[in-house]
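Presented below is the structure to which this report refers.
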Amino acid sequence: MKINTNFKDSVFTKLFSEPDLLRELYCALEGTTLPPDLPVSINTLENVVFMDLYNDISFEIGGKLVVLLEHQSTINPNMGLRLLLYISRVLEKIVTGQNLYSGNSLSIPWPEFFVLYNGKEPYPDNDTLRLSDLFEKPHDLGLPKKALPLLDLEVKVININEGKNEAIVSRCKKLAEYSAFIAKVRTFEEDLKDIEKAVKAAIKYCSRYDILKEFLEIHASEVLNMLLTEWNTEDALAVRFEEGMERGIEKGVEKTLDLIAQGYSIDEIRERLTYKTTGREDRKPL
């Protein structure tokens with residue numbers, strides 16, 4: 001089957017494209033209750049895959065700007081930086097037409113970030129990633145060890161795999177059904193050894209047992225296309241990462257052997273390779 005790589009939606013973003021469902025999902029994630037008539041304004045960046053965030057949803061609710069991202073591969077430690085760049089684009093969209101240089105303060109929504117993890121690898125029920133984890137350490141910069149960065153961003157990572165965070169998924173029926181559908185796809189994939197056949201089998205099974213039944217019956221072909229695109233994309237990214245690691249290791253081994261041949265000691269080699277890797281100015285090249 002030919003994959004349509006122009007899809008912007010994922011199964012997740014397609015499913016949660018309605019304001020009422022987003023309100024229910026947000027309440028489940030936060031463990032709160034909001035009025036059913038509280039407006040939800042969706043402002044997801046459209047027609048662009050920004051920083052590989054092709055399965056994101058951005059919306060405003062109750063004065064908050066919420067960015068949701070469903071993630072099926074290994075959690076990326078750079079997610080805080082990726083979402084900082086993403087939220088900058090979203091805020092730019094929100095304040096378009098307003099005068100940033102006026103004497104009056106602008107009012108912008110309170111930001112919140114969620115990554116809903118649905119990958120194969122084991123992961124805690126809950127985790128937190130911070131932009132500040134990527135910063136140089138204060139003592140390396142001559143700052144007090146307890147110095148706090150003036151810029152930070154916190155990402156709540158929630159494991160939504162079937163059997164995880166049951167208190168959350170029990171408060172959002174569609175989230176529970178979505179997790180069950182993805183789990184069934186993976187089960188069929190193990191049995192059939194073919195992802196396309198697995199998705200088709202899972203759609204048939206879940207439609208029969210009233211799991212996302214109406215959604216799957218209406219969007220069956222789109223779901224197949226989108227899920228194949230998502231998983232093939234993530235496989236390609238994983239292969240690219242592994243190939244990059246292999247090339248890096250090969251180059252590192254070659255460089256180490258070359259330095260040994262030149263008569264450098266192990267400590268001198270470590271110092272030189274650390275400088276080459278980090279570019280730190282306090283480590284001088286030999």
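Letters A, B, ... mark the chains of the structure tokens in the order given; residue numbers begin at 1 per chain; ligand numbers begin at 1, in order shown.
Proximity to A:Gly119 at 10 Å, evaluated using only C-alpha atoms and with sequence-adjacent residues fewer than 4 positions away removed, yields Glu70, His71, Gln72, Ser73, Thr74, Ile75, Tyr123, Asn159, Ile160, Asn161, Ile182 and Ala183 of chain A.
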Could those residues be written to a file, using N, CA and C atoms, as a tab-separated table (two decimals), in the first residue's frame?
```tsv
chain	number	residue	atom	x	y	z
A	70	GLU	N	0.92	13.31	21.38
A	70	GLU	CA	0.92	11.87	21.57
A	70	GLU	C	2.19	11.32	20.95
A	71	HIS	N	2.92	10.50	21.72
A	71	HIS	CA	4.26	10.08	21.31
A	71	HIS	C	4.35	8.56	21.40
A	72	GLN	N	4.67	7.89	20.27
A	72	GLN	CA	4.71	6.45	20.25
A	72	GLN	C	6.12	5.88	20.15
A	73	SER	N	7.12	6.75	20.06
A	73	SER	CA	8.49	6.26	20.06
A	73	SER	C	9.12	6.61	21.40
A	74	THR	N	10.40	6.29	21.56
A	74	THR	CA	11.10	6.59	22.80
A	74	THR	C	11.03	8.09	23.08
A	75	ILE	N	10.76	8.45	24.34
A	75	ILE	CA	10.65	9.86	24.70
A	75	ILE	C	11.97	10.57	24.44
A	123	TYR	N	8.02	2.52	30.35
A	123	TYR	CA	8.18	3.92	30.76
A	123	TYR	C	7.33	4.14	32.01
A	159	ASN	N	2.00	8.22	30.70
A	159	ASN	CA	1.95	6.95	29.98
A	159	ASN	C	0.49	6.53	29.81
A	160	ILE	N	0.03	6.46	28.56
A	160	ILE	CA	-1.37	6.10	28.31
A	160	ILE	C	-1.50	4.70	27.71
A	161	ASN	N	-0.43	3.91	27.78
A	161	ASN	CA	-0.55	2.53	27.32
A	161	ASN	C	-1.61	1.81	28.14
A	182	ILE	N	-4.72	0.87	20.06
A	182	ILE	CA	-3.29	0.79	19.76
A	182	ILE	C	-2.70	-0.51	20.30
A	183	ALA	N	-3.15	-0.93	21.50
A	183	ALA	CA	-2.66	-2.18	22.07
A	183	ALA	C	-3.06	-3.36	21.19
```
Distance query A:Arg89 at most 9 Å, only C-alpha atoms, self and fewer than 5 positions along chain excluded, as a PyMOL selection string: chain A and resi 45+84+94
Generate the output file for the selected residues, all heavy atoms, as a JSON list (two decimals), in the first residue's frame.
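Now in result.json:
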```json
[["chain", "number", "residue", "atom", "x", "y", "z"],
["A", 45, "LEU", "N", -1.05, 24.45, 14.94],
["A", 45, "LEU", "CA", -0.41, 24.92, 13.72],
["A", 45, "LEU", "C", -0.81, 24.01, 12.57],
["A", 45, "LEU", "O", -0.65, 22.78, 12.66],
["A", 45, "LEU", "CB", 1.12, 24.92, 13.87],
["A", 45, "LEU", "CG", 1.69, 25.87, 14.92],
["A", 45, "LEU", "CD1", 3.21, 25.71, 14.99],
["A", 45, "LEU", "CD2", 1.34, 27.31, 14.61],
["A", 84, "LEU", "N", 9.39, 24.46, 23.26],
["A", 84, "LEU", "CA", 9.64, 25.90, 23.38],
["A", 84, "LEU", "C", 9.57, 26.55, 22.00],
["A", 84, "LEU", "O", 8.94, 27.61, 21.83],
["A", 84, "LEU", "CB", 11.01, 26.15, 24.01],
["A", 84, "LEU", "CG", 11.46, 27.62, 24.04],
["A", 84, "LEU", "CD1", 10.55, 28.44, 24.95],
["A", 84, "LEU", "CD2", 12.92, 27.74, 24.49],
["A", 94, "ILE", "N", -1.21, 33.70, 17.96],
["A", 94, "ILE", "CA", -2.24, 34.27, 18.84],
["A", 94, "ILE", "C", -2.18, 35.79, 18.87],
["A", 94, "ILE", "O", -3.21, 36.48, 18.87],
["A", 94, "ILE", "CB", -2.09, 33.70, 20.26],
["A", 94, "ILE", "CG1", -2.50, 32.22, 20.27],
["A", 94, "ILE", "CG2", -2.92, 34.48, 21.27],
["A", 94, "ILE", "CD1", -2.27, 31.53, 21.60]]
```
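Residues within 7 Å of A:Cys172, counting only C-alpha atoms and excluding same-chain residues fewer than 2 positions away, are Glu24, Leu25, Ala28, Ile168, Val169, Ser170, Lys174, Leu175 and Ala176 of chain A.
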Just N, CA and C atoms for this one: save the residues we selected as an mmCIF file, in the first residue's frame.
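New file result.cif:
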```
data_model
loop_
_atom_site.group_PDB
_atom_site.id
_atom_site.type_symbol
_atom_site.label_atom_id
_atom_site.label_comp_id
_atom_site.auth_asym_id
_atom_site.auth_seq_id
_atom_site.Cartn_x
_atom_site.Cartn_y
_atom_site.Cartn_z
ATOM 1 N N GLU A 24 -12.981 17.054 27.801
ATOM 2 C CA GLU A 24 -13.035 15.840 28.617
ATOM 3 C C GLU A 24 -11.636 15.279 28.857
ATOM 4 N N LEU A 25 -10.807 15.278 27.812
ATOM 5 C CA LEU A 25 -9.447 14.771 27.936
ATOM 6 C C LEU A 25 -8.633 15.633 28.890
ATOM 7 N N ALA A 28 -9.558 14.975 32.436
ATOM 8 C CA ALA A 28 -9.020 13.692 32.892
ATOM 9 C C ALA A 28 -7.546 13.821 33.251
ATOM 10 N N ILE A 168 -6.704 8.043 35.126
ATOM 11 C CA ILE A 168 -6.852 9.063 34.077
ATOM 12 C C ILE A 168 -7.725 8.546 32.945
ATOM 13 N N VAL A 169 -7.393 7.367 32.416
ATOM 14 C CA VAL A 169 -8.140 6.862 31.264
ATOM 15 C C VAL A 169 -9.589 6.536 31.623
ATOM 16 N N SER A 170 -9.845 6.225 32.901
ATOM 17 C CA SER A 170 -11.227 5.929 33.293
ATOM 18 C C SER A 170 -12.102 7.173 33.249
ATOM 19 N N LYS A 174 -12.916 7.971 25.474
ATOM 20 C CA LYS A 174 -12.245 7.912 24.179
ATOM 21 C C LYS A 174 -10.756 7.634 24.329
ATOM 22 N N LEU A 175 -10.134 8.149 25.384
ATOM 23 C CA LEU A 175 -8.718 7.886 25.617
ATOM 24 C C LEU A 175 -8.512 6.413 25.945
ATOM 25 N N ALA A 176 -9.396 5.852 26.774
ATOM 26 C CA ALA A 176 -9.302 4.431 27.116
ATOM 27 C C ALA A 176 -9.465 3.565 25.867
#
```
Take atom CA of A:Arg171 and atom CA of A:Leu216 and report the distance between them in Å, one decimal. 21.2 Å
From A:Lys64, A:Glu112, A:Glu46, A:Glu196, residue lying nearest A:Met226 [only C-alpha atoms]: A:Glu196
Near-stretch 204-206 of chain A list (9 Å; only C-alpha atoms; drop same-chain fewer than 3 positions) as number ranges by chain: A: 177, 180-181, 184, 199-201, 209-213, 216-217
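When atom CA of A:Asp191 is paired with atom CA of A:Ile158, their separation reads 27.8 Å.
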Nearest to A:Asn43, chosen from A:Trp110, A:Phe59, A:Tyr117, A:Tyr178, with only C-alpha atoms counted in the distances: A:Phe59
Contacts of A:Arg23 at 8 Å or less, counting only C-alpha atoms, minus same-chain residues fewer than 5 places along, as a list in words? Leu34, Pro36, Val40 and Ile61 of chain A
Store the residues of this selection in a file with all heavy atoms, as a CSV table (one decimal), in the first residue's frame.
```
chain,number,residue,atom,x,y,z
A,34,LEU,N,-14.6,20.8,34.7
A,34,LEU,CA,-14.9,22.1,34.1
A,34,LEU,C,-16.3,22.2,33.6
A,34,LEU,O,-16.8,21.1,33.2
A,34,LEU,CB,-13.9,22.4,33.0
A,34,LEU,CG,-12.4,22.6,33.4
A,34,LEU,CD1,-11.5,22.7,32.1
A,34,LEU,CD2,-12.2,23.7,34.3
A,36,PRO,N,-19.4,22.1,31.2
A,36,PRO,CA,-19.5,21.6,29.9
A,36,PRO,C,-19.6,22.6,28.8
A,36,PRO,O,-19.3,22.3,27.6
A,36,PRO,CB,-20.7,20.7,29.9
A,36,PRO,CG,-21.5,21.3,31.1
A,36,PRO,CD,-20.5,21.8,32.1
A,40,VAL,N,-13.7,25.9,24.1
A,40,VAL,CA,-12.4,25.4,23.8
A,40,VAL,C,-12.0,25.9,22.4
A,40,VAL,O,-12.8,25.7,21.4
A,40,VAL,CB,-12.4,23.8,23.8
A,40,VAL,CG1,-11.0,23.3,23.2
A,40,VAL,CG2,-12.6,23.3,25.2
A,61,ILE,N,-8.2,26.9,26.7
A,61,ILE,CA,-9.4,26.5,27.6
A,61,ILE,C,-9.2,27.2,28.9
A,61,ILE,O,-8.2,27.1,29.6
A,61,ILE,CB,-9.5,25.0,27.7
A,61,ILE,CG1,-10.7,24.6,28.6
A,61,ILE,CG2,-8.2,24.4,28.3
A,61,ILE,CD1,-11.0,23.1,28.6
```
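Those residues in stretch 24-104 of chain A carrying a DSSP assignment of helix (DSSP H, G or I), computed from the backbone, are Glu24, Leu25, Tyr26, Cys27, Ala28, Leu29, Glu30, Met79, Gly80, Leu81, Arg82, Leu83, Leu84, Leu85, Tyr86, Ile87, Ser88, Arg89, Val90, Leu91, Glu92, Lys93 and Ile94 of chain A.
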Selection export as a compact mmCIF listing (two decimals), in the first residue's frame, atoms kept: C-alpha atoms:
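Written file, out.txt:
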```txt
# COMPACT_ATOMS: atom_id res chain seq x y z
CA GLU A 24 -13.04 15.84 28.62
CA LEU A 25 -9.45 14.77 27.94
CA TYR A 26 -8.00 17.84 29.63
CA CYS A 27 -10.18 17.32 32.71
CA ALA A 28 -9.02 13.69 32.89
CA LEU A 29 -5.34 14.68 32.67
CA GLU A 30 -5.68 17.39 35.30
CA MET A 79 11.22 17.64 24.11
CA GLY A 80 11.38 20.77 26.28
CA LEU A 81 13.39 22.62 23.63
CA ARG A 82 11.21 21.33 20.79
CA LEU A 83 8.07 22.52 22.58
CA LEU A 84 9.64 25.90 23.38
CA LEU A 85 10.18 26.47 19.67
CA TYR A 86 6.69 25.20 18.94
CA ILE A 87 4.93 27.37 21.54
CA SER A 88 6.74 30.42 20.17
CA ARG A 89 5.05 29.79 16.83
CA VAL A 90 1.66 29.30 18.48
CA LEU A 91 1.99 32.51 20.52
CA GLU A 92 3.06 34.37 17.40
CA LYS A 93 -0.18 33.18 15.81
CA ILE A 94 -2.24 34.27 18.84
```
Could you write out, as JSON, numbers by chain, all the residues of stretch 20-163 of chain A that DSSP marks as strand (DSSP E or B)? {"A": [40, 41, 42, 56, 57, 58, 59, 60, 61, 64, 65, 66, 67, 68, 69, 70, 71, 110, 111, 112, 113, 114, 115, 116, 117, 126, 127, 128, 129, 130, 154, 155, 156, 157, 158, 159]}
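Look at stretch 126-131 of chain A: the protein and nucleic acid residues within 6 Å of it, using only C-alpha atoms and passing over chain neighbours fewer than 3 places away, are Gly80, Leu81, Leu134, Asp152, Leu153, Glu154, Val155, Lys156, Val157 and Ile158 of chain A.
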